[in-house]
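K.L.:
Have a look at the structure that comes next, please.
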Amino acid sequence: MPFGFDEFVINTPTIAFRVLIDRYNIELREAQKIIDKGRLICNGKTISIKNQKIIGSIKVLRFLPKSKGLKPIFTTKDFMVFDKPSGLLVHPSRVLTPYSLLDEIRTFGNEKSNGVHRIDQETSGLLLASTNRDSEIKLKGMFEKKEINKSYLAWVFGNTEDEFIVDKPIKIRDDYSTSKHKVEINIDGKVATTHFKKLLYNPTKDISLLEITPFTGRTHQIRVHLFHVKHPIVGDPLYGRSYEFSERYLEESLSSEDRVKHSGALRLMLHANRLYFTLENIYSIKSLVDFRAKIDSIYTSNVKILY
């Protein structure tokens with residue numbers, strides 16, 4: 001388990017958040033977050049008041065990374081790039097999450113290293129991580145300013161147009177009683193634009209391989225835009241699937257056989273293939289870095305894991 005208790009003793013009454021700042025060399029906001037999440041315990045009692053003075057036996061629930069050997073494909077003193085396999089969470093979803101990419105980010109970086117953007121658990125490909133707080137702020141700012149560019153590959157059902165753009169607003173759903181889609185196309189949603197280019201078409205399986213460039217970064221943007229134009233991603237267990245099928249997937253009661261039979265693959269066939277940006281906002285040089293993920297056999301024209 002990547003979370004564990006750090007245990008120590010305080011012999012002098014000290015303000016709770018100061019104990020955390022001094023012991024872990026963290027900022028005030030990080031110390032406050034630990035307390036807000038109930039991860040600071042003094043003499044067996046959870047501390048909830050940030051400026052409360054504490055003394056005695058202290059336990060702090062901390063993330064303790066355990067590597068499985070997934071190394072970054074590129075590193076500098078300020079950032080790392082990982083090629084994430086499908087099925088791996090970027091961050092633990094709960095304390096009991098046994099393993100996530102954060103284990104490797106903190107193993108090959110340090111306790112202040114973090115992923116600076118997200119890709120879905122079932123999406124494979126490139127993930128950028130910072131190694132310190134300053135670079136985290138800069139890199140997240142670059143994403144917000146559209147100074148970091150990304151593109152994806154995806155197998156989708158049907159023969160698409162050679163090139164097309166979907167420009168439809170996306171809104172987080174308020175009601176999941178009739179659909180398990182996390183987002184929907186909605187006039188009240190946020191602006192979302194995605195460019196698609198067909199690379200090849202497999203007539204035997206009636207699927208197309210697309211190169212995809214999102215110009216905005218909405219939740220499930222690529223998935224819902226492709227569903228909207230009736231070319232859902234092969235293997236997508238939510239968009240393009242029935243309510244009952246999606247519910248079984250979310251409850252982890254869906255068999256591999258049914259997954260392949262009804263969605264076409266054992267995983268979402270979406271791959272974060274390219275990540276490129278200039279170093280100008282990180283270092284005082286203007287140099288383009290361009291990373292390409294490895295493309296495994298599922299992205300060849302053979303599409304071996306499809307039915």
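Letters A, B, ... mark the chains of the structure tokens in the order given; residue numbers begin at 1 per chain; ligand numbers begin at 1, in order shown.
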Could you give me, as an MDAnalysis selection string, each residue of range 104-301 of chain A that DSSP assigns to strand (DSSP E) when run on this structure's backbone?
P.N.:
chainID A and resid 114:115 124:130 148:157 163:167 170:172 183:185 193:202 207:214 270:278 288:292
K.L.:
For Ser100 in chain A, work out the shell of residues within 8 Å, counting only C-alpha atoms and skipping chain neighbours fewer than 3 positions away, then give it as an mmCIF file with N, CA and C atoms, in the first residue's frame.
P.N.:
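Wrote out-v7.cif, looks like this:
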data_model
loop_
_atom_site.group_PDB
_atom_site.id
_atom_site.type_symbol
_atom_site.label_atom_id
_atom_site.label_comp_id
_atom_site.auth_asym_id
_atom_site.auth_seq_id
_atom_site.Cartn_x
_atom_site.Cartn_y
_atom_site.Cartn_z
ATOM 1 N N LEU A 88 -3.400 2.036 -15.897
ATOM 2 C CA LEU A 88 -2.705 2.578 -14.726
ATOM 3 C C LEU A 88 -3.236 3.976 -14.397
ATOM 4 N N LEU A 89 -3.686 4.165 -13.155
ATOM 5 C CA LEU A 89 -4.099 5.486 -12.699
ATOM 6 C C LEU A 89 -2.896 6.417 -12.631
ATOM 7 N N VAL A 90 -3.106 7.714 -12.909
ATOM 8 C CA VAL A 90 -2.034 8.691 -12.745
ATOM 9 C C VAL A 90 -1.839 8.988 -11.266
ATOM 10 N N HIS A 91 -2.937 9.202 -10.546
ATOM 11 C CA HIS A 91 -2.887 9.456 -9.106
ATOM 12 C C HIS A 91 -3.764 8.436 -8.383
ATOM 13 N N PRO A 92 -3.420 8.069 -7.156
ATOM 14 C CA PRO A 92 -4.280 7.139 -6.422
ATOM 15 C C PRO A 92 -5.659 7.741 -6.214
ATOM 16 N N THR A 97 -5.567 2.597 -2.851
ATOM 17 C CA THR A 97 -5.096 2.308 -4.211
ATOM 18 C C THR A 97 -3.702 1.692 -4.129
ATOM 19 N N ASP A 103 3.499 6.623 -7.909
ATOM 20 C CA ASP A 103 4.560 5.837 -7.274
ATOM 21 C C ASP A 103 5.875 6.002 -8.027
ATOM 22 N N GLU A 104 5.811 5.954 -9.362
ATOM 23 C CA GLU A 104 7.025 6.081 -10.166
ATOM 24 C C GLU A 104 7.498 7.535 -10.227
#
K.L.:
For range 200-211 of chain A, work out the shell of residues within 6 Å, counting only C-alpha atoms and skipping chain neighbours fewer than 3 positions away, then give it as a list in words.
P.N.:
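Contacts, in chain order: Tyr152, Leu153, Ala154, Trp155, Val156, Phe157, Gly158, Asn159, Phe196 and Lys197 of chain A.
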K.L.:
Can you work out which one of A:Ile212, A:Val191, A:Val9, A:Leu64 has the shortest atom-to-atom distance to Ala272 in chain A, counting only C-alpha atoms?
P.N.:
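Nearest candidate to Ala272 in chain A out of A:Ile212, A:Val191, A:Val9, A:Leu64: A:Ile212.
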K.L.:
Let me make sure I understand: among A:Leu270, A:Val166, A:Cys42, A:Val116, which one has the smallest atom-to-atom distance to Val229 in chain A if we use only C-alpha atoms?
P.N.:
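Of A:Leu270, A:Val166, A:Cys42, A:Val116, the one nearest Val229 in chain A is A:Val166, counting only C-alpha atoms.
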K.L.:
Contacts of Ile58 in chain A at 10 Å or less, counting only C-alpha atoms, minus same-chain residues fewer than 3 places along, as a PDB file with N, CA and C atoms, in the first residue's frame?
P.N.:
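File written: part-v4.pdb
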ATOM      1  N   PHE A   5       1.969   5.309   7.796  1.00  0.00           N
ATOM      2  CA  PHE A   5       2.100   6.301   8.864  1.00  0.00           C
ATOM      3  C   PHE A   5       3.565   6.595   9.169  1.00  0.00           C
ATOM      4  N   ASP A   6       3.869   7.886   9.256  1.00  0.00           N
ATOM      5  CA  ASP A   6       5.144   8.360   9.792  1.00  0.00           C
ATOM      6  C   ASP A   6       4.880   8.679  11.256  1.00  0.00           C
ATOM      7  N   GLU A   7       5.591   8.024  12.155  1.00  0.00           N
ATOM      8  CA  GLU A   7       5.346   8.191  13.585  1.00  0.00           C
ATOM      9  C   GLU A   7       6.545   8.844  14.270  1.00  0.00           C
ATOM     10  N   PHE A   8       6.274   9.826  15.123  1.00  0.00           N
ATOM     11  CA  PHE A   8       7.328  10.517  15.861  1.00  0.00           C
ATOM     12  C   PHE A   8       6.723  11.181  17.093  1.00  0.00           C
ATOM     13  N   VAL A   9       7.566  11.802  17.906  1.00  0.00           N
ATOM     14  CA  VAL A   9       7.115  12.407  19.160  1.00  0.00           C
ATOM     15  C   VAL A   9       7.483  13.886  19.183  1.00  0.00           C
ATOM     16  N   ILE A  10       6.539  14.715  19.631  1.00  0.00           N
ATOM     17  CA  ILE A  10       6.773  16.147  19.847  1.00  0.00           C
ATOM     18  C   ILE A  10       6.782  16.393  21.358  1.00  0.00           C
ATOM     19  N   VAL A  19       4.224  21.909  12.749  1.00  0.00           N
ATOM     20  CA  VAL A  19       4.853  20.592  12.884  1.00  0.00           C
ATOM     21  C   VAL A  19       5.076  19.977  11.508  1.00  0.00           C
ATOM     22  N   LEU A  40      -3.511  13.824  10.126  1.00  0.00           N
ATOM     23  CA  LEU A  40      -2.648  14.152  11.257  1.00  0.00           C
ATOM     24  C   LEU A  40      -3.326  13.666  12.539  1.00  0.00           C
ATOM     25  N   ILE A  41      -2.641  12.799  13.279  1.00  0.00           N
ATOM     26  CA  ILE A  41      -3.189  12.218  14.495  1.00  0.00           C
ATOM     27  C   ILE A  41      -2.240  12.485  15.655  1.00  0.00           C
ATOM     28  N   CYS A  42      -2.790  12.973  16.759  1.00  0.00           N
ATOM     29  CA  CYS A  42      -1.996  13.251  17.957  1.00  0.00           C
ATOM     30  C   CYS A  42      -2.591  12.485  19.137  1.00  0.00           C
ATOM     31  N   ASN A  43      -1.780  11.628  19.732  1.00  0.00           N
ATOM     32  CA  ASN A  43      -2.220  10.830  20.889  1.00  0.00           C
ATOM     33  C   ASN A  43      -3.521  10.082  20.594  1.00  0.00           C
ATOM     34  N   GLY A  44      -3.602   9.565  19.361  1.00  0.00           N
ATOM     35  CA  GLY A  44      -4.744   8.743  18.968  1.00  0.00           C
ATOM     36  C   GLY A  44      -5.954   9.506  18.475  1.00  0.00           C
ATOM     37  N   LYS A  45      -5.909  10.847  18.471  1.00  0.00           N
ATOM     38  CA  LYS A  45      -7.055  11.656  18.038  1.00  0.00           C
ATOM     39  C   LYS A  45      -6.703  12.441  16.769  1.00  0.00           C
ATOM     40  N   THR A  46      -7.631  12.443  15.821  1.00  0.00           N
ATOM     41  CA  THR A  46      -7.429  13.169  14.574  1.00  0.00           C
ATOM     42  C   THR A  46      -7.499  14.671  14.830  1.00  0.00           C
ATOM     43  N   ILE A  54      -0.119  21.004  19.546  1.00  0.00           N
ATOM     44  CA  ILE A  54      -0.113  19.573  19.812  1.00  0.00           C
ATOM     45  C   ILE A  54       1.205  19.165  20.480  1.00  0.00           C
ATOM     46  N   ILE A  55       1.154  18.088  21.250  1.00  0.00           N
ATOM     47  CA  ILE A  55       2.333  17.562  21.933  1.00  0.00           C
ATOM     48  C   ILE A  55       2.101  16.073  22.183  1.00  0.00           C
TER      49      ILE A  55
END
K.L.:
From the options A:Ile185, A:Gly38, A:Glu27, A:Arg62, which residue's atoms come nearest to Phe227 in chain A, counting only C-alpha atoms?
P.N.:
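Using only C-alpha atoms, the shortest distance to Phe227 in chain A belongs to A:Ile185.
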K.L.:
I'd like the neighbourhood of Asp120 in chain A as a PDB file with N, CA and C atoms, in the first residue's frame, where a residue qualifies if any of its atoms comes within 12 Å (using only C-alpha atoms), though same-chain residues fewer than 5 positions away should be ignored.
P.N.:
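Written out: result-v2.pdb:
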ATOM      1  N   LYS A  84       2.903   6.054 -20.091  1.00  0.00           N
ATOM      2  CA  LYS A  84       2.014   5.318 -19.186  1.00  0.00           C
ATOM      3  C   LYS A  84       1.291   4.186 -19.916  1.00  0.00           C
ATOM      4  N   PRO A  85       1.291   2.997 -19.333  1.00  0.00           N
ATOM      5  CA  PRO A  85       0.505   1.911 -19.932  1.00  0.00           C
ATOM      6  C   PRO A  85      -0.980   2.090 -19.651  1.00  0.00           C
ATOM      7  N   SER A  86      -1.811   1.505 -20.498  1.00  0.00           N
ATOM      8  CA  SER A  86      -3.254   1.512 -20.259  1.00  0.00           C
ATOM      9  C   SER A  86      -3.561   0.754 -18.980  1.00  0.00           C
ATOM     10  N   GLY A  87      -4.567   1.246 -18.232  1.00  0.00           N
ATOM     11  CA  GLY A  87      -5.001   0.588 -17.009  1.00  0.00           C
ATOM     12  C   GLY A  87      -4.383   1.144 -15.749  1.00  0.00           C
ATOM     13  N   LEU A  88      -3.400   2.036 -15.897  1.00  0.00           N
ATOM     14  CA  LEU A  88      -2.705   2.578 -14.726  1.00  0.00           C
ATOM     15  C   LEU A  88      -3.236   3.976 -14.397  1.00  0.00           C
ATOM     16  N   LEU A  89      -3.686   4.165 -13.155  1.00  0.00           N
ATOM     17  CA  LEU A  89      -4.099   5.486 -12.699  1.00  0.00           C
ATOM     18  C   LEU A  89      -2.896   6.417 -12.631  1.00  0.00           C
ATOM     19  N   VAL A  90      -3.106   7.714 -12.909  1.00  0.00           N
ATOM     20  CA  VAL A  90      -2.034   8.691 -12.745  1.00  0.00           C
ATOM     21  C   VAL A  90      -1.839   8.988 -11.266  1.00  0.00           C
ATOM     22  N   HIS A  91      -2.937   9.202 -10.546  1.00  0.00           N
ATOM     23  CA  HIS A  91      -2.887   9.456  -9.106  1.00  0.00           C
ATOM     24  C   HIS A  91      -3.764   8.436  -8.383  1.00  0.00           C
ATOM     25  N   LEU A 101       0.746   5.777 -11.189  1.00  0.00           N
ATOM     26  CA  LEU A 101       1.936   6.370 -11.792  1.00  0.00           C
ATOM     27  C   LEU A 101       2.651   7.287 -10.810  1.00  0.00           C
ATOM     28  N   GLY A 125       0.059   6.247 -22.960  1.00  0.00           N
ATOM     29  CA  GLY A 125       0.858   7.288 -23.587  1.00  0.00           C
ATOM     30  C   GLY A 125       1.512   8.276 -22.644  1.00  0.00           C
ATOM     31  N   LEU A 126       1.827   9.442 -23.173  1.00  0.00           N
ATOM     32  CA  LEU A 126       2.746  10.377 -22.539  1.00  0.00           C
ATOM     33  C   LEU A 126       2.118  11.182 -21.404  1.00  0.00           C
ATOM     34  N   LEU A 127       2.866  11.272 -20.312  1.00  0.00           N
ATOM     35  CA  LEU A 127       2.455  12.048 -19.139  1.00  0.00           C
ATOM     36  C   LEU A 127       3.640  12.865 -18.667  1.00  0.00           C
ATOM     37  N   ARG A 218     -11.114  19.646 -21.969  1.00  0.00           N
ATOM     38  CA  ARG A 218     -12.271  19.280 -21.154  1.00  0.00           C
ATOM     39  C   ARG A 218     -12.244  17.797 -20.784  1.00  0.00           C
ATOM     40  N   THR A 219     -12.899  17.466 -19.691  1.00  0.00           N
ATOM     41  CA  THR A 219     -13.011  16.071 -19.263  1.00  0.00           C
ATOM     42  C   THR A 219     -13.667  15.229 -20.352  1.00  0.00           C
ATOM     43  N   HIS A 220     -13.038  14.106 -20.712  1.00  0.00           N
ATOM     44  CA  HIS A 220     -13.562  13.161 -21.708  1.00  0.00           C
ATOM     45  C   HIS A 220     -13.868  13.828 -23.048  1.00  0.00           C
ATOM     46  N   GLN A 221     -13.156  14.904 -23.360  1.00  0.00           N
ATOM     47  CA  GLN A 221     -13.457  15.675 -24.579  1.00  0.00           C
ATOM     48  C   GLN A 221     -13.405  14.826 -25.847  1.00  0.00           C
ATOM     49  N   ILE A 222     -12.325  14.100 -26.038  1.00  0.00           N
ATOM     50  CA  ILE A 222     -12.171  13.305 -27.263  1.00  0.00           C
ATOM     51  C   ILE A 222     -13.263  12.241 -27.332  1.00  0.00           C
ATOM     52  N   ARG A 223     -13.522  11.601 -26.232  1.00  0.00           N
ATOM     53  CA  ARG A 223     -14.483  10.503 -26.207  1.00  0.00           C
ATOM     54  C   ARG A 223     -15.898  10.973 -26.530  1.00  0.00           C
ATOM     55  N   ASP A 236     -14.398   1.684 -25.820  1.00  0.00           N
ATOM     56  CA  ASP A 236     -14.949   2.623 -24.829  1.00  0.00           C
ATOM     57  C   ASP A 236     -16.107   1.963 -24.097  1.00  0.00           C
ATOM     58  N   ARG A 267      -9.651  -2.738 -23.824  1.00  0.00           N
ATOM     59  CA  ARG A 267      -9.229  -1.456 -23.280  1.00  0.00           C
ATOM     60  C   ARG A 267      -9.722  -0.344 -24.205  1.00  0.00           C
ATOM     61  N   LEU A 268      -9.706   0.867 -23.691  1.00  0.00           N
ATOM     62  CA  LEU A 268     -10.009   2.041 -24.513  1.00  0.00           C
ATOM     63  C   LEU A 268      -8.863   2.244 -25.492  1.00  0.00           C
ATOM     64  N   MET A 269      -9.156   2.259 -26.786  1.00  0.00           N
ATOM     65  CA  MET A 269      -8.111   2.336 -27.813  1.00  0.00           C
ATOM     66  C   MET A 269      -7.731   3.793 -28.101  1.00  0.00           C
ATOM     67  N   LEU A 270      -7.276   4.479 -27.054  1.00  0.00           N
ATOM     68  CA  LEU A 270      -6.864   5.874 -27.130  1.00  0.00           C
ATOM     69  C   LEU A 270      -5.451   5.981 -26.570  1.00  0.00           C
ATOM     70  N   HIS A 271      -4.580   6.675 -27.303  1.00  0.00           N
ATOM     71  CA  HIS A 271      -3.150   6.690 -26.990  1.00  0.00           C
ATOM     72  C   HIS A 271      -2.620   8.118 -27.085  1.00  0.00           C
ATOM     73  N   ALA A 272      -2.081   8.642 -25.967  1.00  0.00           N
ATOM     74  CA  ALA A 272      -1.473   9.979 -25.957  1.00  0.00           C
ATOM     75  C   ALA A 272      -0.107   9.878 -26.641  1.00  0.00           C
TER      76      ALA A 272
END
K.L.:
Which residue out of A:Tyr24, A:Tyr276, A:Phe215, A:Phe74 has the minimum interatomic distance to Asn149 in chain A when only C-alpha atoms are used?
P.N.:
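Smallest distance to Asn149 in chain A is found for A:Tyr276.
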K.L.:
Please identify the helix (DSSP H, G or I) residues within range 50-172 of chain A (assignment by DSSP from backbone atoms) and present them as an MDAnalysis selection string.
P.N.:
chainID A and resid 101:108 133:144
K.L.:
Residues near Arg39 in chain A, anyone? I mean within 10 Å using only C-alpha atoms, not counting same-chain ones fewer than 2 positions away, as a ChimeraX atom specification.
P.N.:
/A:5,33-37,41,46-48,59-62
K.L.:
Do you know which residues are at most 9 Å from Glu136 in chain A counting only C-alpha atoms, after dropping those on the same chain fewer than 3 positions away, and could you put them as a PyMOL selection string?
P.N.:
chain A and resi 78-79+113-116+129-133+139-141
K.L.:
So which one's closest to Phe82 in chain A, A:Ser57, A:Gly217, A:Ser151, A:Gly109? Using only C-alpha atoms, please.
P.N.:
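Of all the options, A:Gly109 lies closest to Phe82 in chain A.
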K.L.:
From the set A:Leu279, A:Leu266, A:Ile26, A:Met80, which residue has the shortest atom-to-atom contact distance to Leu128 in chain A, counting only C-alpha atoms?
P.N.:
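Once distances to Leu128 in chain A are computed over only C-alpha atoms, the minimum belongs to A:Met80.
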